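Student: Please find one structure pasted underneath; my questions will follow.
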Amino acid sequence: MLEISVLRSNAATVKEKLAKKYFAEINLVDEILVLDEKRRQIQKETDDLLAEQNLAAKSIGALMQKGEKEAAETEKAKVAVLKEQSKQKEELLAAVENEQQQLLVRLPNLPHESVPEGKTPEQNVVVRESGNKPNLSETALPHWDIAKKYDLFDLELGVKITGAGFPVYKGKGAKLQRALISFFLDKATEAGYTEVIPPFIVNESSAFSTGQLPDKEGQMYYANLDGFYLIPTAEVPVTNIVRGDIFNEKDLPLKYCAYSPCFRREAGSYGKDVRGLNRVHQFDKVEIVQIANPDKSYQVLEEMLAHVENILNLLNLPYRILRLCGGDMSFTSALTFDFEVWSGAQKRWLEVSSVSNFETFQSNRLKTRFRDENKKTRLVHTLNGSALALPRIVAALLENNQTENGVAIPEVLQKYTGFSTLQ
RNA sequence: GGAGAGAUGGCAGAGUGGUUGAAUGCAACUGUCUUGAAAACAGUCGAAGGUGAUGAGCCUUCCGUGGGUUCGAAUCCCUCUCUCUCCGCCA
């Protein structure tokens, strides 16, 4: 949620930036500002009425003590009138505040100045490409066929148990999942992130604070009996750890990492793009989150990018980094970099990580602040990134490392898997 | 699931109708002292909104949530949520 103060002082700039994100309802900005004007006016009137009442109540108390009953009764009658007026004002105020909030919540975050122009994924900018694409023979198998060959995971079985998009990992395939999770968590811990195991279902407040609600309920599984949502990413519970908190400047940044399964309804297309592990409803992911001083958050973002890049290098996967264009960025993000790995048999790039700075968009909802050097409270910046999401990593590993004698496991993973080849 | 108790500032803990946004202690911050630190002493020390210059000051709101009673509520009444203790069930 954007800060109202930003709209107030920079309406023109805000509109320009929203246009860069291809936001369709730019007129909302003006509507909100009109409401804001109205809100403050009513606020003032309400406060004045309440102040009058408070004074009267005090004087009644004094009169009662002096035994001046009649004078007290006169005052009481006066207060009754004020009370009626202030009650009406308060109701009006609540209505206007609510209306303003409803509109404010619909504005996406403003893109950072470095965000490239563009509307579609094709216009994302490749920052760099690294690693060598494997030379696979024409008979190289896509990962779903490799999985079948070595019995690593079974999607049909998942259909029986749940439905499409819920893989059942088996044997060495399951072990590989566990190995990757441990490897990723160890790397994050080495980099100073505190490991947490959060709840995998969250309440409405949490889903609202990180920006999943309102409007994105379609992406999440919902346990309606309790009003809980299955998390689409660990970002939601982990970022909500700091909801409502005020930190000292010296305590920032806070660094958390967490493994979690992620549940996404992903109402969308079916077909070859979503075969195998390319897109599933439940998958595993290790997430890194930082709560940062706003003056340093872009350094933090760089650090997080370097962290993800390092892991991909260790896994020896060819990857590229994209700077997302305005039109392809998420609602909540100010700047996002996507990491894609090359999947040799499918011959396509697969997104395995998305690293973003949300600036104050989430913290404004979370009410997460810190005290700066002048003891003033300021909103923190929140950042997060996948480090990493497993299914497409597995897809790329299987495809790129396939040989006639099985699939070679990257050396860094072998101490976690306990085997060097999948066969 | 049943019975009881409770929810106050970063923490602990007073406060049961009238300058109480809230005693006191601890923590924290600033200063004095000290070669430095500690100790001691003095002071400061919640948040949000409005108004003002993003200052001072002033006003409003907030003592789990939402309602109610009253001229006036942290304090009384109701709702909900959560926590704790005991019992039951259970990985």
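Identifiers in the structure tokens: chain A, B, ... in order shown; residue index from 1 per chain; ligand index from 1 in order shown.
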Using only C-alpha atoms (C1' of nucleotides), which residues sit within 7 Å of Pro232 (chain A) once same-chain residues fewer than 5 positions away are excluded, as JSON, numbers by chain?
Tutor: {"A": [220, 262, 263, 264]}
Student: Return as an MDAnalysis selection string the residues belonging to chain B that are within 9 Å of chain A, counting only C-alpha atoms (C1' of nucleotides).
Tutor: chainID B and resid 18:19 49:51 59:60 71:72
Student: Mind the document's chain letters and residue numbers, and return as a ChimeraX atom specification the residues of region 6-187 of chain A that DSSP labels strand (DSSP E).
Tutor: /A:125-130,153-154,168-169
Student: So which residues touch A42 (chain B) within 12 Å, counting only C-alpha atoms (C1' of nucleotides), skipping near sequence neighbours fewer than 6 positions away, as a list in words?
Tutor: U30, G31, U32 and C33 of chain B
Student: Atoms to include: all heavy atoms. Write the selected residues as a PDB file, in the first residue's frame.
Tutor:
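selection_34.pdb, written as the output of this step:
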ATOM      1  P     U B  30      23.049   7.984  23.858  1.00  0.00           P
ATOM      2  OP1   U B  30      23.805   8.238  22.613  1.00  0.00           O
ATOM      3  OP2   U B  30      23.593   7.055  24.884  1.00  0.00           O
ATOM      4  O5'   U B  30      22.732   9.372  24.564  1.00  0.00           O
ATOM      5  C5'   U B  30      22.239  10.478  23.800  1.00  0.00           C
ATOM      6  C4'   U B  30      21.983  11.644  24.710  1.00  0.00           C
ATOM      7  O4'   U B  30      20.915  11.308  25.647  1.00  0.00           O
ATOM      8  C3'   U B  30      23.141  12.037  25.623  1.00  0.00           C
ATOM      9  O3'   U B  30      24.116  12.822  24.959  1.00  0.00           O
ATOM     10  C2'   U B  30      22.408  12.830  26.708  1.00  0.00           C
ATOM     11  O2'   U B  30      22.056  14.117  26.275  1.00  0.00           O
ATOM     12  C1'   U B  30      21.136  11.984  26.876  1.00  0.00           C
ATOM     13  N1    U B  30      21.295  10.984  27.955  1.00  0.00           N
ATOM     14  C2    U B  30      21.122  11.426  29.255  1.00  0.00           C
ATOM     15  O2    U B  30      20.861  12.575  29.534  1.00  0.00           O
ATOM     16  N3    U B  30      21.273  10.474  30.225  1.00  0.00           N
ATOM     17  C4    U B  30      21.570   9.137  30.030  1.00  0.00           C
ATOM     18  O4    U B  30      21.673   8.385  30.999  1.00  0.00           O
ATOM     19  C5    U B  30      21.743   8.750  28.653  1.00  0.00           C
ATOM     20  C6    U B  30      21.607   9.671  27.691  1.00  0.00           C
ATOM     21  P     G B  31      25.629  12.730  25.474  1.00  0.00           P
ATOM     22  OP1   G B  31      26.444  13.498  24.518  1.00  0.00           O
ATOM     23  OP2   G B  31      25.965  11.322  25.773  1.00  0.00           O
ATOM     24  O5'   G B  31      25.569  13.517  26.852  1.00  0.00           O
ATOM     25  C5'   G B  31      25.394  14.932  26.871  1.00  0.00           C
ATOM     26  C4'   G B  31      25.104  15.400  28.274  1.00  0.00           C
ATOM     27  O4'   G B  31      24.033  14.602  28.840  1.00  0.00           O
ATOM     28  C3'   G B  31      26.232  15.223  29.278  1.00  0.00           C
ATOM     29  O3'   G B  31      27.193  16.249  29.173  1.00  0.00           O
ATOM     30  C2'   G B  31      25.467  15.302  30.597  1.00  0.00           C
ATOM     31  O2'   G B  31      25.147  16.630  30.944  1.00  0.00           O
ATOM     32  C1'   G B  31      24.186  14.543  30.251  1.00  0.00           C
ATOM     33  N9    G B  31      24.245  13.140  30.670  1.00  0.00           N
ATOM     34  C8    G B  31      24.381  12.025  29.881  1.00  0.00           C
ATOM     35  N7    G B  31      24.396  10.909  30.561  1.00  0.00           N
ATOM     36  C5    G B  31      24.260  11.318  31.881  1.00  0.00           C
ATOM     37  C6    G B  31      24.211  10.563  33.081  1.00  0.00           C
ATOM     38  O6    G B  31      24.277   9.336  33.225  1.00  0.00           O
ATOM     39  N1    G B  31      24.082  11.382  34.201  1.00  0.00           N
ATOM     40  C2    G B  31      23.999  12.742  34.175  1.00  0.00           C
ATOM     41  N2    G B  31      23.886  13.352  35.342  1.00  0.00           N
ATOM     42  N3    G B  31      24.046  13.457  33.059  1.00  0.00           N
ATOM     43  C4    G B  31      24.171  12.694  31.960  1.00  0.00           C
ATOM     44  P     U B  32      28.680  15.983  29.687  1.00  0.00           P
ATOM     45  OP1   U B  32      29.480  17.170  29.313  1.00  0.00           O
ATOM     46  OP2   U B  32      29.096  14.623  29.245  1.00  0.00           O
ATOM     47  O5'   U B  32      28.504  15.963  31.259  1.00  0.00           O
ATOM     48  C5'   U B  32      28.198  17.169  31.978  1.00  0.00           C
ATOM     49  C4'   U B  32      28.153  16.880  33.457  1.00  0.00           C
ATOM     50  O4'   U B  32      27.100  15.926  33.729  1.00  0.00           O
ATOM     51  C3'   U B  32      29.406  16.212  34.013  1.00  0.00           C
ATOM     52  O3'   U B  32      30.417  17.166  34.304  1.00  0.00           O
ATOM     53  C2'   U B  32      28.867  15.545  35.285  1.00  0.00           C
ATOM     54  O2'   U B  32      28.723  16.466  36.342  1.00  0.00           O
ATOM     55  C1'   U B  32      27.480  15.091  34.822  1.00  0.00           C
ATOM     56  N1    U B  32      27.465  13.690  34.354  1.00  0.00           N
ATOM     57  C2    U B  32      27.398  12.695  35.324  1.00  0.00           C
ATOM     58  O2    U B  32      27.367  12.944  36.511  1.00  0.00           O
ATOM     59  N3    U B  32      27.384  11.410  34.839  1.00  0.00           N
ATOM     60  C4    U B  32      27.417  11.023  33.522  1.00  0.00           C
ATOM     61  O4    U B  32      27.382   9.821  33.238  1.00  0.00           O
ATOM     62  C5    U B  32      27.483  12.100  32.577  1.00  0.00           C
ATOM     63  C6    U B  32      27.507  13.373  33.020  1.00  0.00           C
ATOM     64  P     C B  33      31.934  16.820  33.993  1.00  0.00           P
ATOM     65  OP1   C B  33      32.744  18.006  34.335  1.00  0.00           O
ATOM     66  OP2   C B  33      32.022  16.237  32.636  1.00  0.00           O
ATOM     67  O5'   C B  33      32.240  15.686  35.058  1.00  0.00           O
ATOM     68  C5'   C B  33      32.218  15.960  36.458  1.00  0.00           C
ATOM     69  C4'   C B  33      32.310  14.671  37.235  1.00  0.00           C
ATOM     70  O4'   C B  33      31.146  13.849  36.946  1.00  0.00           O
ATOM     71  C3'   C B  33      33.477  13.773  36.847  1.00  0.00           C
ATOM     72  O3'   C B  33      34.673  14.168  37.504  1.00  0.00           O
ATOM     73  C2'   C B  33      32.990  12.406  37.310  1.00  0.00           C
ATOM     74  O2'   C B  33      33.133  12.240  38.707  1.00  0.00           O
ATOM     75  C1'   C B  33      31.508  12.475  36.952  1.00  0.00           C
ATOM     76  N1    C B  33      31.213  11.917  35.621  1.00  0.00           N
ATOM     77  C2    C B  33      31.075  10.527  35.500  1.00  0.00           C
ATOM     78  O2    C B  33      31.195   9.821  36.510  1.00  0.00           O
ATOM     79  N3    C B  33      30.808   9.989  34.282  1.00  0.00           N
ATOM     80  C4    C B  33      30.687  10.781  33.215  1.00  0.00           C
ATOM     81  N4    C B  33      30.425  10.215  32.047  1.00  0.00           N
ATOM     82  C5    C B  33      30.829  12.198  33.313  1.00  0.00           C
ATOM     83  C6    C B  33      31.098  12.712  34.521  1.00  0.00           C
TER      84        C B  33
END
Student: Find the residues near C11 (chain B): any atom within 10 Å, counting only C-alpha atoms (C1' of nucleotides), skip ones fewer than 2 places away on the same chain, and give them as a short mmCIF file (atom, residue, chain, number, x, y, z; two decimals) with N, CA, C and O atoms (P, O5', C5', C4', C3', O3' and C1' of nucleotides), in the first residue's frame.
Tutor:
data_model
loop_
_atom_site.label_atom_id
_atom_site.label_comp_id
_atom_site.auth_asym_id
_atom_site.auth_seq_id
_atom_site.Cartn_x
_atom_site.Cartn_y
_atom_site.Cartn_z
P G B 9 1.03 -3.29 27.26
"O5'" G B 9 2.09 -2.14 27.10
"C5'" G B 9 2.62 -1.79 25.79
"C4'" G B 9 3.34 -0.47 25.91
"C3'" G B 9 4.82 -0.57 26.26
"O3'" G B 9 5.66 -0.24 25.16
"C1'" G B 9 3.67 0.97 27.68
P G B 13 4.35 -9.83 36.04
"O5'" G B 13 4.05 -8.44 36.75
"C5'" G B 13 4.49 -8.20 38.08
"C4'" G B 13 4.15 -6.78 38.48
"C3'" G B 13 2.66 -6.44 38.49
"O3'" G B 13 2.07 -6.84 39.72
"C1'" G B 13 3.85 -4.75 37.33
P C B 26 15.44 0.51 38.72
"O5'" C B 26 15.47 -0.58 37.57
"C5'" C B 26 15.86 -1.92 37.86
"C4'" C B 26 15.61 -2.81 36.65
"C3'" C B 26 16.28 -2.34 35.36
"O3'" C B 26 17.66 -2.68 35.30
"C1'" C B 26 14.05 -2.98 34.92
P A B 27 18.65 -1.71 34.51
"O5'" A B 27 18.14 -1.89 33.01
"C5'" A B 27 18.31 -3.14 32.34
"C4'" A B 27 17.64 -3.10 30.99
"C3'" A B 27 18.10 -1.97 30.08
"O3'" A B 27 19.31 -2.29 29.41
"C1'" A B 27 15.75 -2.04 30.08
#
Student: To one decimal place, how far is CA of Gly118 (chain A) from CA of Thr233 (chain A) in Å?
Tutor: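 CA of Thr233 (chain A) lies 26.4 Å from CA of Gly118 (chain A).
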Student: May I ask which of the residues A:Val289, A:Leu35, A:Leu315, A:Leu82 is the closest one to Ala95 (chain A), counting only C-alpha atoms?
Tutor: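 Of the candidates, the smallest distance to Ala95 (chain A) is held by A:Leu35.
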Student: Would you return as a PyMOL selection string the members of region 15-149 of chain A that DSSP assigns to alpha helix (DSSP H) on this structure's backbone?
Tutor: chain A and resi 15-20+27-66+69-104+143-149
Student: If you count only C-alpha atoms (C1' of nucleotides), which residues fall within 9 Å of Lys172 (chain A), apart from same-chain ones fewer than 5 positions away, as a list of chain:residue names?
Tutor: A:Tyr150, A:Asp151, A:Leu152, A:Gln177, A:Thr417, A:Phe419, A:Leu422, A:Gln423
Student: In Å, how far is it from CA of Ser386 (chain A) to CA of Val407 (chain A)?
Tutor: 24.8 Å
Student: Can you pull out every residue within 7 Å of Leu277 (chain A), counting only C-alpha atoms (C1' of nucleotides), but drop anything in the same chain fewer than 3 positions away, and send it as a PyMOL selection string?
Tutor: chain A and resi 280+391-392+395
Student: Rank nothing, just name the residue among B:C45, B:C87, B:A23, B:A38 nearest to G10 (chain B), using only C-alpha atoms (C1' of nucleotides).
Tutor: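 Result for the nearest residue to G10 (chain B): B:C45.
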Student: How many Å separate CA of Met64 (chain A) from C1' of C76 (chain B)?
Tutor: 20.3 Å
